[in-house]
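my_file.cif follows (mmCIF, C-alpha atoms):
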```cif
data_upload
loop_
_atom_site.label_atom_id
_atom_site.label_comp_id
_atom_site.auth_asym_id
_atom_site.auth_seq_id
_atom_site.Cartn_x
_atom_site.Cartn_y
_atom_site.Cartn_z
CA MET A 10 -5.02 10.73 28.81
CA GLN A 11 -6.66 9.39 25.67
CA THR A 12 -5.55 8.36 22.19
CA ASP A 13 -5.13 11.95 20.99
CA MET A 14 -2.33 12.40 23.52
CA HIS A 15 -0.97 8.89 24.11
CA TYR A 16 -0.53 8.17 20.41
CA TYR A 17 -0.71 11.36 18.33
CA GLY A 18 0.77 13.71 20.91
CA THR A 19 3.49 11.20 21.78
CA TYR A 20 4.38 10.72 18.12
CA ALA A 21 4.49 14.48 17.59
CA MET A 22 6.82 15.08 20.54
CA ALA A 23 9.14 12.22 19.51
CA ARG A 24 9.28 13.43 15.91
CA ALA A 25 9.77 17.04 16.98
CA ALA A 26 12.68 15.83 19.11
CA GLY A 27 14.36 14.51 15.96
CA LEU A 28 13.71 10.77 16.11
CA ARG A 29 13.15 8.83 12.89
CA ALA A 30 9.55 8.50 11.74
CA GLY A 31 9.50 4.69 12.06
CA ILE A 32 10.90 4.87 15.58
CA CYS A 33 8.31 7.48 16.52
CA ARG A 34 5.54 5.22 15.24
CA THR A 35 6.71 2.28 17.36
CA ILE A 36 7.09 4.47 20.44
CA ALA A 37 3.61 5.93 19.98
CA TYR A 38 2.04 2.52 19.29
CA ALA A 39 3.55 1.15 22.48
CA ALA A 40 2.40 4.17 24.45
CA GLN A 41 -1.20 3.77 23.28
CA PHE A 42 -1.19 -0.03 23.43
CA VAL A 43 -0.64 0.18 27.19
CA ASP A 44 -4.32 1.21 27.31
CA ASP A 45 -5.48 -1.29 24.67
CA ASN A 46 -3.69 -4.32 26.10
CA ALA A 47 -6.63 -5.03 28.38
CA GLY A 48 -6.61 -8.78 28.89
CA LYS A 49 -4.52 -11.70 30.05
CA ASP A 50 -3.98 -14.18 27.21
CA GLU A 51 -1.53 -16.54 25.56
CA ALA A 52 -0.25 -17.51 22.14
CA ARG A 53 1.04 -20.98 21.32
CA PHE A 54 3.19 -21.84 18.32
CA LYS A 55 3.17 -25.07 16.34
CA ASP A 56 6.76 -25.81 17.39
CA GLY A 57 5.71 -25.84 21.06
CA GLY A 58 6.83 -22.33 21.93
CA GLY A 59 4.44 -19.92 23.57
CA ILE A 60 3.82 -16.48 25.02
CA ASP A 61 1.84 -15.66 28.16
CA TYR A 62 1.07 -12.00 28.64
CA ASP A 63 -0.77 -9.95 31.25
CA ALA A 64 -2.93 -6.87 30.92
CA SER A 65 -1.48 -3.38 31.26
CA ALA A 66 -4.99 -1.89 31.49
CA HIS A 67 -8.61 -2.84 32.10
CA HIS A 68 -11.58 -1.23 30.41
CA THR A 69 -13.62 1.16 32.54
CA LEU A 70 -15.52 -0.60 35.32
CA ASN A 71 -14.22 -4.02 34.37
CA ILE A 72 -14.98 -6.15 37.41
CA LYS A 73 -11.26 -6.92 37.71
CA ASN A 74 -10.75 -3.30 38.74
CA LEU A 75 -12.22 -4.24 42.11
CA GLY A 76 -9.55 -6.87 42.72
CA GLU A 77 -6.67 -5.69 44.88
CA ARG A 78 -4.11 -7.65 42.85
CA ASP A 79 -5.24 -6.13 39.56
CA GLN A 80 -5.18 -2.66 41.01
CA ARG A 81 -1.65 -3.10 42.31
CA HIS A 82 -0.29 -4.92 39.25
CA VAL A 83 -2.03 -2.83 36.58
CA TRP A 84 -3.24 0.57 37.71
CA VAL A 85 -0.39 1.41 40.08
CA PRO A 86 2.61 0.74 37.78
CA PHE A 87 1.05 1.79 34.45
CA HIS A 88 -1.48 4.56 35.13
CA PHE A 89 -1.15 6.04 38.63
CA LEU A 90 2.54 5.90 39.44
CA PRO A 91 2.80 6.73 43.16
CA GLY A 92 4.18 10.15 44.03
CA ASN A 93 5.47 9.12 47.48
CA GLN A 94 4.27 12.28 49.20
CA GLY A 95 2.31 12.35 52.44
CA ASP A 96 2.23 11.04 55.98
CA ASN A 97 0.82 7.54 55.48
CA PHE A 98 1.02 4.66 53.03
CA THR A 99 -2.23 5.27 51.13
CA GLU A 100 -1.47 8.98 50.75
CA ARG A 101 1.99 8.16 49.41
CA LEU A 102 0.36 5.97 46.75
CA VAL A 103 -1.38 9.01 45.25
CA CYS A 104 0.00 9.89 41.81
CA ARG A 105 1.90 13.19 41.62
CA LYS A 106 2.74 15.21 38.55
CA ASN A 107 6.33 14.69 37.35
CA SER A 108 7.30 13.16 40.69
CA ASP A 109 10.82 12.15 41.66
CA ILE A 110 9.74 8.52 41.27
CA ALA A 111 8.48 9.23 37.74
CA GLN A 112 11.76 10.88 36.82
CA GLU A 113 13.70 7.97 38.28
CA MET A 114 11.59 5.56 36.19
CA VAL A 115 12.38 7.55 33.04
CA LYS A 116 16.10 7.56 33.84
CA HIS A 117 16.12 3.80 34.39
CA HIS A 118 14.32 3.04 31.14
CA LEU A 119 16.56 5.38 29.15
CA GLU A 120 19.56 3.50 30.49
CA MET A 121 18.23 0.21 29.06
CA ALA A 122 19.99 1.13 25.84
CA GLU A 123 21.16 -2.38 24.98
CA ALA A 124 17.78 -4.07 25.44
CA PRO A 125 16.28 -5.31 22.15
CA PHE A 126 12.98 -3.76 23.26
CA THR A 127 14.40 -0.37 24.22
CA VAL A 128 12.13 1.51 21.75
CA GLU A 129 8.98 -0.23 23.00
CA LEU A 130 10.09 0.36 26.59
CA LEU A 131 10.36 4.06 25.86
CA GLY A 132 6.76 3.95 24.63
CA VAL A 133 5.65 2.34 27.88
CA ALA A 134 7.59 4.99 29.80
CA ALA A 135 5.95 7.70 27.71
CA HIS A 136 2.50 6.45 28.69
CA VAL A 137 3.25 6.21 32.40
CA TYR A 138 5.10 9.52 32.49
CA ALA A 139 2.37 11.37 30.58
CA ASP A 140 -0.33 10.02 32.88
CA THR A 141 1.32 11.68 35.87
CA PHE A 142 0.36 15.01 34.25
CA SER A 143 -3.32 14.05 34.08
CA HIS A 144 -3.90 11.48 36.85
CA TYR A 145 -2.15 13.37 39.64
CA GLY A 146 -4.13 13.68 42.84
CA PHE A 147 -5.65 10.21 42.48
CA SER A 148 -4.49 6.74 43.44
CA GLY A 149 -4.35 3.46 41.53
CA VAL A 150 -5.92 1.54 44.41
CA SER A 151 -9.38 1.81 45.95
CA SER A 152 -8.86 4.60 48.45
CA HIS A 153 -10.71 7.34 50.30
CA HIS A 154 -8.20 9.73 48.71
CA ASN A 155 -10.11 9.22 45.44
CA ARG A 156 -13.51 10.17 46.82
CA VAL A 157 -15.11 13.24 45.28
CA ILE A 158 -18.42 14.88 46.22
CA ASN A 159 -20.95 13.98 43.55
CA ASP A 160 -21.46 16.61 40.84
CA SER A 161 -19.17 19.06 42.64
CA TRP A 162 -17.26 19.87 39.47
CA LYS A 163 -17.50 23.20 37.67
CA PHE A 164 -16.10 24.14 34.26
CA PHE A 165 -14.50 27.43 33.21
CA ASP A 166 -13.98 28.99 29.77
CA LEU A 167 -15.85 26.11 28.18
CA ASN A 168 -18.02 26.74 25.15
CA PRO A 169 -21.63 25.48 25.49
CA ASN A 170 -21.35 22.90 22.71
CA THR A 171 -18.29 21.31 24.29
CA GLU A 172 -19.89 21.29 27.73
CA LYS A 173 -22.98 19.57 26.32
CA TYR A 174 -20.76 17.05 24.54
CA ILE A 175 -18.82 16.00 27.64
CA MET A 176 -21.93 15.88 29.84
CA ASP A 177 -23.75 13.77 27.22
CA LYS A 178 -20.74 11.42 27.25
CA ALA A 179 -20.99 11.26 31.04
CA GLU A 180 -24.68 10.32 30.84
CA ASP A 181 -23.94 7.69 28.20
CA HIS A 182 -21.29 6.29 30.50
CA LYS A 183 -23.77 6.17 33.36
CA ARG A 184 -26.45 4.43 31.31
CA LYS A 185 -23.96 1.92 29.98
CA TYR A 186 -22.46 0.89 33.31
CA TRP A 187 -25.16 1.65 35.87
CA ASP A 188 -28.33 0.05 34.52
CA GLU A 189 -28.86 -2.27 37.49
CA PRO A 190 -32.34 -3.81 37.87
CA GLY A 191 -32.17 -4.48 41.60
CA GLY A 192 -31.02 -1.10 42.76
CA LEU A 193 -27.96 -0.29 44.86
CA LEU A 194 -27.60 2.01 47.82
CA ILE A 195 -25.19 4.80 46.89
CA ASN A 196 -23.54 7.26 49.22
CA ILE A 197 -25.31 10.47 48.24
CA LYS A 198 -22.02 12.35 48.17
CA SER A 199 -20.28 9.95 45.80
CA SER A 200 -20.64 9.44 42.08
CA PHE A 201 -21.94 6.19 40.58
CA VAL A 202 -18.56 5.45 38.98
CA GLU A 203 -16.79 5.95 42.28
CA VAL A 204 -19.04 3.38 43.94
CA ALA A 205 -18.96 0.91 41.07
CA SER A 206 -15.18 1.06 40.78
CA GLY A 207 -14.55 0.94 44.51
CA ALA A 208 -13.17 4.50 44.53
CA LEU A 209 -10.42 3.56 42.10
CA GLY A 210 -8.41 6.19 40.28
CA HIS A 211 -10.25 9.24 38.95
CA GLY A 212 -13.51 7.37 38.30
CA ALA A 213 -15.43 9.83 40.48
CA VAL A 214 -14.63 12.66 38.04
CA LEU A 215 -15.13 10.52 34.94
CA THR A 216 -12.81 11.40 32.04
CA PHE A 217 -12.40 15.06 32.99
CA PRO A 218 -8.69 14.70 33.91
CA ASP A 219 -8.05 13.20 30.43
CA ARG A 220 -9.49 16.12 28.42
CA PRO A 221 -6.60 18.42 27.45
CA TYR A 222 -8.60 21.63 27.07
CA LEU A 223 -10.51 21.51 30.36
CA GLU A 224 -10.33 24.26 32.98
CA TRP A 225 -12.31 23.02 35.97
CA ASP A 226 -12.54 22.40 39.67
CA PHE A 227 -14.11 19.83 41.96
CA GLU A 228 -14.37 18.97 45.64
CA TYR A 229 -12.63 16.08 47.31
CA GLU A 230 -14.81 14.44 49.98
CA LEU A 231 -12.15 13.11 52.36
CA PRO A 232 -10.35 13.50 54.69
CA GLU A 233 -12.38 16.70 54.71
CA PRO A 234 -14.13 18.61 51.88
CA ARG A 235 -11.71 20.73 49.88
CA ARG A 236 -11.92 22.22 46.41
CA GLU A 237 -9.17 21.83 43.86
CA ARG A 238 -8.78 23.95 40.73
CA ARG A 239 -7.32 22.21 37.69
CA SER A 240 -5.94 23.60 34.43
CA ASN A 241 -5.55 20.61 32.13
CA ARG A 242 -4.27 23.00 29.47
CA ALA A 243 -1.31 23.95 31.61
CA THR A 244 -0.47 20.45 32.87
CA PHE A 245 -0.84 18.80 29.45
CA LEU A 246 1.54 21.40 28.01
CA GLU A 247 3.98 20.58 30.83
CA GLY A 248 3.53 16.91 29.97
CA CYS A 249 4.33 17.49 26.30
CA GLU A 250 7.50 19.36 27.22
CA ALA A 251 8.52 16.55 29.60
CA LEU A 252 7.96 13.94 26.88
CA TYR A 253 9.91 16.04 24.38
CA SER A 254 12.83 16.28 26.82
CA MET A 255 12.75 12.52 27.40
CA PHE A 256 12.85 11.88 23.65
CA ARG A 257 15.76 14.30 23.19
CA ARG A 258 17.70 12.38 25.85
CA PHE A 259 16.86 9.14 24.05
CA ALA A 260 18.08 10.63 20.75
CA ASP A 261 21.39 11.55 22.38
CA ILE A 262 21.78 7.98 23.65
CA HIS A 263 20.74 6.46 20.30
CA PRO A 264 21.97 8.83 17.57
CA ARG A 265 21.40 6.14 14.93
CA LEU A 266 17.68 6.27 15.73
CA ALA A 267 17.58 10.04 15.25
CA GLU A 268 17.21 11.82 11.94
CA ASN A 269 18.21 15.29 13.12
CA ASN A 270 18.57 17.41 16.24
CA GLY A 271 14.89 18.25 16.25
CA LYS A 272 13.13 21.50 16.94
CA LYS A 273 13.59 23.43 20.16
CA PHE A 274 10.53 23.08 22.36
CA THR A 275 10.43 26.85 22.78
CA ASP A 276 9.89 27.07 19.01
CA ILE A 277 6.93 24.69 18.99
CA ARG A 278 5.36 25.57 22.35
CA ASP A 279 2.70 27.93 20.95
CA LEU A 280 1.64 25.43 18.29
CA VAL A 281 1.44 22.59 20.82
CA LYS A 282 -0.56 24.84 23.14
CA ARG A 283 -3.08 25.60 20.38
CA VAL A 284 -3.60 21.89 19.78
CA ILE A 285 -4.07 21.21 23.49
CA ASP A 286 -6.53 24.10 23.82
CA THR A 287 -8.78 22.64 21.09
CA GLN A 288 -12.24 22.15 22.58
CA ALA A 289 -13.54 19.21 20.60
CA SER A 290 -14.23 15.50 20.50
CA MET A 291 -11.28 13.13 20.52
CA ASP A 292 -11.54 12.60 16.76
CA ASN A 293 -11.33 16.33 16.19
CA ARG A 294 -8.48 16.67 18.67
CA ILE A 295 -6.64 14.01 16.67
CA GLU A 296 -7.30 16.07 13.56
CA ALA A 297 -5.79 19.09 15.32
CA TRP A 298 -2.56 17.11 15.87
CA GLN A 299 -2.63 16.08 12.21
CA GLU A 300 -3.07 19.65 11.04
CA ALA A 301 -0.19 20.78 13.25
CA SER A 302 2.04 18.02 11.87
CA LYS A 303 1.22 19.01 8.28
CA SER A 304 2.35 22.56 8.93
CA ASP A 305 5.99 23.56 8.56
CA ASP A 306 6.27 24.49 12.22
CA LEU A 307 6.34 21.23 14.19
CA PHE A 308 8.98 19.03 12.55
CA VAL A 309 12.39 19.89 11.16
CA ASN A 310 11.63 18.43 7.73
CA GLY A 311 8.40 20.36 7.37
CA GLY A 312 4.88 19.07 7.04
CA GLU A 313 4.06 15.38 7.20
CA SER A 314 1.13 13.31 8.42
CA ILE A 315 1.18 11.27 11.59
CA PRO A 316 0.50 7.63 10.64
CA PRO A 317 -3.00 6.81 11.93
CA TYR A 318 -3.34 4.50 14.90
CA ASP A 319 -5.10 1.17 14.42
CA GLU A 320 -5.50 -0.96 17.54
CA ALA A 321 -6.18 -3.99 15.33
CA GLU A 322 -2.71 -3.83 13.78
CA TRP A 323 -0.91 -5.16 16.84
CA GLY A 324 -3.94 -7.20 17.84
CA ASN A 325 -3.83 -9.05 14.53
CA ILE A 326 -0.13 -9.79 14.97
CA ILE A 327 -0.99 -11.51 18.25
CA LYS A 328 -3.81 -13.52 16.65
CA ASN A 329 -1.66 -14.57 13.71
CA MET A 330 1.11 -15.86 15.96
CA LYS A 331 -0.91 -19.00 16.59
CA ASP A 332 -0.62 -19.97 12.94
CA ARG A 333 3.17 -19.74 12.90
CA GLU A 334 5.33 -22.83 12.81
CA ASN A 335 8.38 -21.23 14.45
CA SER A 336 8.14 -19.39 17.74
CA GLU A 337 11.23 -17.36 16.88
CA TYR A 338 8.92 -15.33 14.64
CA ALA A 339 7.78 -13.51 17.78
CA LEU A 340 11.21 -11.95 18.21
CA SER A 341 10.71 -9.98 14.98
CA THR A 342 7.46 -8.37 16.08
CA PRO A 343 7.03 -5.10 18.00
CA VAL A 344 4.18 -6.67 19.98
CA TYR A 345 6.44 -9.29 21.55
CA ARG A 346 8.99 -6.60 22.36
CA PHE A 347 6.11 -4.60 23.87
CA PHE A 348 5.25 -7.55 26.12
CA GLN A 349 8.91 -7.74 27.13
CA ALA A 350 8.86 -4.03 27.95
CA VAL A 351 5.62 -4.33 29.94
CA SER A 352 7.04 -7.22 31.96
CA LEU A 353 10.26 -5.38 32.73
CA HIS A 354 8.44 -2.16 33.62
CA ARG A 355 5.97 -3.88 35.95
CA ASN A 356 8.67 -5.84 37.72
CA TYR A 357 10.99 -2.85 38.00
CA VAL A 358 8.33 -0.53 39.43
CA LEU A 359 6.80 -3.02 41.87
CA ARG A 360 9.90 -4.95 42.95
CA GLU A 361 12.65 -2.35 42.75
CA LEU A 362 11.64 1.28 42.31
CA LEU A 363 8.80 1.50 44.84
CA PRO A 364 10.51 -0.69 47.48
CA LYS A 365 13.56 1.53 47.16
CA HIS A 366 11.29 4.30 48.43
CA LYS A 367 9.80 2.04 51.12
CA LEU A 368 6.54 1.49 49.22
CA ILE A 369 5.73 -2.21 49.28
CA VAL A 370 2.76 -2.53 46.94
CA ALA A 371 3.02 -6.05 45.47
#
```

Write out the structure in this file as structure tokens.
Amino acid sequence: MQTDMHYYGTYAMARAAGLRAGICRTIAYAAQFVDDNAGKDEARFKDGGGIDYDASAHHTLNIKNLGERDQRHVWVPFHFLPGNQGDNFTERLVCRKNSDIAQEMVKHHLEMAEAPFTVELLGVAAHVYADTFSHYGFSGVSSHHNRVINDSWKFFDLNPNTEKYIMDKAEDHKRKYWDEPGGLLINIKSSFVEVASGALGHGAVLTFPDRPYLEWDFEYELPEPRRERRSNRATFLEGCEALYSMFRRFADIHPRLAENNGKKFTDIRDLVKRVIDTQASMDNRIEAWQEASKSDDLFVNGGESIPPYDEAEWGNIIKNMKDRENSEYALSTPVYRFFQAVSLHRNYVLRELLPKHKLIVA
């Protein structure tokens, strides 16, 4: 999923579930920052304190994607949570929509009620949980299960302008990342992104799984050619309902963080569906969420704007930490609590949750 869903859609579902606006903003920032926290770094304070933090994402085709450790420590726990279905280890690593493992992860994080970073942890959970509704059928490690026959995809019910837009984006992507002077032998059945990324994730089908409005199909290459029909509209709507339910459970656990009992999802379903069905660029899809939030139909208190997302806001907090005399300042920032949440989530998934299901990944 992209910013329109991970931030604006997440905020909308949390607010519709009755959580306070400020809490919704922190949850949504954490959910989106999982994608924007794309580097290992450190911050050192003048009193000698310091923070070391690891990436929860890498930008597309970052060379680190090819490293087995990065795949298993970044893509598996944060973007392609294993579904644990199949007859062998690599097949069990394939992400599955709303899997039992995903639900167990949500339950665990909701039960971390006393953690000082419980709100940020919910944002991390929201990102991982939502991605199971778009990344299902693909794995967070380089795997033949991710191989797709080149250009096998077809689109349905897509207006010509939108189709041109997404194919132009695909060509831009190709020119940006595949302008190699020496030439490289490519399997004629596989896409350039699939080869360049080592068949990681859904690279072979570009960003198609992340576009909410898309009705499409494509053909897996291995273990034998097979077509799969996808309705992103349907699965993204399922994802929104799952997020809403998670936020309602959180509100019941933390009534002081809730403003009201929220709307019933059945009452907002049609409006959410209209937003998801919007065939447009990401900026215009964000505007669709904003228009829905300004109506009287999404939130209990009536129309209000979703605070815009600015990646630099949390990034600047990190940069400014280095100028602080006292390292205890970090404890007051949502970014530090986000790093705490990321650390707990990674360790829990890799060292506890997956091993519990006999998946030893890292």

Out of A:Leu359, A:Ala23, A:Val103, A:Leu131, which residue has the shortest atom-to-atom distance to Val150 of chain A when counting only C-alpha atoms?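 Among the listed residues, A:Val103 lies closest to Val150 of chain A.
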
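Picture a line from atom CA of Ile315 of chain A to atom CA of Gln299 of chain A; it runs 6.2 Å.
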
Could you list, as number ranges by chain, every residue matched by the PyMOL selection byres ((chain A and resi 33) around 12) in this structure? A: 16-32, 34-40, 128-129, 131-132, 135, 253, 256, 259-260, 266-268, 315-316

Just write the chosen residues, C-alpha atoms, as a compact mmCIF listing (two decimals), in the frame of the given file.
```txt
# COMPACT_ATOMS: atom_id res chain seq x y z
CA TYR A 16 -0.53 8.17 20.41
CA TYR A 17 -0.71 11.36 18.33
CA GLY A 18 0.77 13.71 20.91
CA THR A 19 3.49 11.20 21.78
CA TYR A 20 4.38 10.72 18.12
CA ALA A 21 4.49 14.48 17.59
CA MET A 22 6.82 15.08 20.54
CA ALA A 23 9.14 12.22 19.51
CA ARG A 24 9.28 13.43 15.91
CA ALA A 25 9.77 17.04 16.98
CA ALA A 26 12.68 15.83 19.11
CA GLY A 27 14.36 14.51 15.96
CA LEU A 28 13.71 10.77 16.11
CA ARG A 29 13.15 8.83 12.89
CA ALA A 30 9.55 8.50 11.74
CA GLY A 31 9.50 4.69 12.06
CA ILE A 32 10.90 4.87 15.58
CA ARG A 34 5.54 5.22 15.24
CA THR A 35 6.71 2.28 17.36
CA ILE A 36 7.09 4.47 20.44
CA ALA A 37 3.61 5.93 19.98
CA TYR A 38 2.04 2.52 19.29
CA ALA A 39 3.55 1.15 22.48
CA ALA A 40 2.40 4.17 24.45
CA VAL A 128 12.13 1.51 21.75
CA GLU A 129 8.98 -0.23 23.00
CA LEU A 131 10.36 4.06 25.86
CA GLY A 132 6.76 3.95 24.63
CA ALA A 135 5.95 7.70 27.71
CA TYR A 253 9.91 16.04 24.38
CA PHE A 256 12.85 11.88 23.65
CA PHE A 259 16.86 9.14 24.05
CA ALA A 260 18.08 10.63 20.75
CA LEU A 266 17.68 6.27 15.73
CA ALA A 267 17.58 10.04 15.25
CA GLU A 268 17.21 11.82 11.94
CA ILE A 315 1.18 11.27 11.59
CA PRO A 316 0.50 7.63 10.64
```

From the options A:Lys55, A:Lys106, A:Lys282, A:Lys328, which residue's atoms come nearest to Ala251 of chain A, counting all atoms listed in the file?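 Among the listed residues, the smallest separation from Ala251 of chain A belongs to A:Lys106.
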
Apply the PyMOL selection byres ((chain A and resi 50) around 10) to the file shown and report the selected residues as an mmCIF file with C-alpha atoms, in the frame of the given file.
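Wrote it out as result-v4.cif, contents follow:
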```cif
data_model
loop_
_atom_site.group_PDB
_atom_site.id
_atom_site.type_symbol
_atom_site.label_atom_id
_atom_site.label_comp_id
_atom_site.auth_asym_id
_atom_site.auth_seq_id
_atom_site.Cartn_x
_atom_site.Cartn_y
_atom_site.Cartn_z
ATOM 1 C CA ASN A 46 -3.690 -4.320 26.100
ATOM 2 C CA ALA A 47 -6.630 -5.030 28.380
ATOM 3 C CA GLY A 48 -6.610 -8.780 28.890
ATOM 4 C CA LYS A 49 -4.520 -11.700 30.050
ATOM 5 C CA GLU A 51 -1.530 -16.540 25.560
ATOM 6 C CA ALA A 52 -0.250 -17.510 22.140
ATOM 7 C CA ILE A 60 3.820 -16.480 25.020
ATOM 8 C CA ASP A 61 1.840 -15.660 28.160
ATOM 9 C CA TYR A 62 1.070 -12.000 28.640
ATOM 10 C CA ASP A 63 -0.770 -9.950 31.250
ATOM 11 C CA ALA A 64 -2.930 -6.870 30.920
ATOM 12 C CA ILE A 327 -0.990 -11.510 18.250
#
```

All heavy atoms for segment 47-54 of chain A, written as a CSV table (one decimal), in the frame of the given file, could you do that?
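To be explicit, this is the file written out as part_27.csv:
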```csv
chain,number,residue,atom,x,y,z
A,47,ALA,N,-5.7,-5.0,27.2
A,47,ALA,CA,-6.6,-5.0,28.4
A,47,ALA,C,-7.1,-6.4,28.8
A,47,ALA,O,-8.1,-6.6,29.4
A,47,ALA,CB,-7.9,-4.2,28.1
A,48,GLY,N,-6.2,-7.4,28.5
A,48,GLY,CA,-6.6,-8.8,28.9
A,48,GLY,C,-5.4,-9.7,29.0
A,48,GLY,O,-4.4,-9.5,28.3
A,49,LYS,N,-5.5,-10.7,29.9
A,49,LYS,CA,-4.5,-11.7,30.0
A,49,LYS,C,-4.8,-12.8,29.0
A,49,LYS,O,-5.9,-13.2,28.8
A,49,LYS,CB,-4.6,-12.3,31.4
A,49,LYS,CG,-3.6,-13.4,31.7
A,49,LYS,CD,-3.7,-14.0,33.1
A,49,LYS,CE,-2.8,-15.1,33.4
A,49,LYS,NZ,-1.4,-14.8,33.3
A,50,ASP,N,-3.8,-13.2,28.3
A,50,ASP,CA,-4.0,-14.2,27.2
A,50,ASP,C,-2.7,-14.9,26.9
A,50,ASP,O,-1.7,-14.7,27.6
A,50,ASP,CB,-4.5,-13.5,25.9
A,50,ASP,CG,-5.3,-14.4,25.1
A,50,ASP,OD1,-5.2,-15.6,25.2
A,50,ASP,OD2,-6.1,-13.9,24.2
A,51,GLU,N,-2.7,-15.8,25.9
A,51,GLU,CA,-1.5,-16.5,25.6
A,51,GLU,C,-1.6,-16.8,24.1
A,51,GLU,O,-2.6,-16.7,23.4
A,51,GLU,CB,-1.5,-17.9,26.3
A,51,GLU,CG,-2.7,-18.8,26.0
A,51,GLU,CD,-2.6,-20.1,26.8
A,51,GLU,OE1,-2.1,-20.1,27.9
A,51,GLU,OE2,-3.1,-21.1,26.2
A,52,ALA,N,-0.4,-17.1,23.5
A,52,ALA,CA,-0.2,-17.5,22.1
A,52,ALA,C,0.7,-18.7,22.1
A,52,ALA,O,1.7,-18.7,22.7
A,52,ALA,CB,0.3,-16.4,21.3
A,53,ARG,N,0.3,-19.8,21.4
A,53,ARG,CA,1.0,-21.0,21.3
A,53,ARG,C,1.4,-21.2,19.9
A,53,ARG,O,0.6,-21.1,19.0
A,53,ARG,CB,0.2,-22.2,21.9
A,53,ARG,CG,0.0,-22.1,23.4
A,53,ARG,CD,1.3,-22.3,24.2
A,53,ARG,NE,1.1,-22.2,25.6
A,53,ARG,CZ,1.3,-21.1,26.3
A,53,ARG,NH1,1.8,-20.0,25.7
A,53,ARG,NH2,1.1,-21.1,27.6
A,54,PHE,N,2.7,-21.6,19.7
A,54,PHE,CA,3.2,-21.8,18.3
A,54,PHE,C,3.2,-23.3,18.0
A,54,PHE,O,3.2,-24.2,18.9
A,54,PHE,CB,4.6,-21.3,18.2
A,54,PHE,CG,4.7,-19.8,18.3
A,54,PHE,CD1,4.8,-19.2,19.6
A,54,PHE,CD2,4.6,-18.9,17.2
A,54,PHE,CE1,4.9,-17.8,19.7
A,54,PHE,CE2,4.6,-17.6,17.4
A,54,PHE,CZ,4.8,-17.0,18.6
```
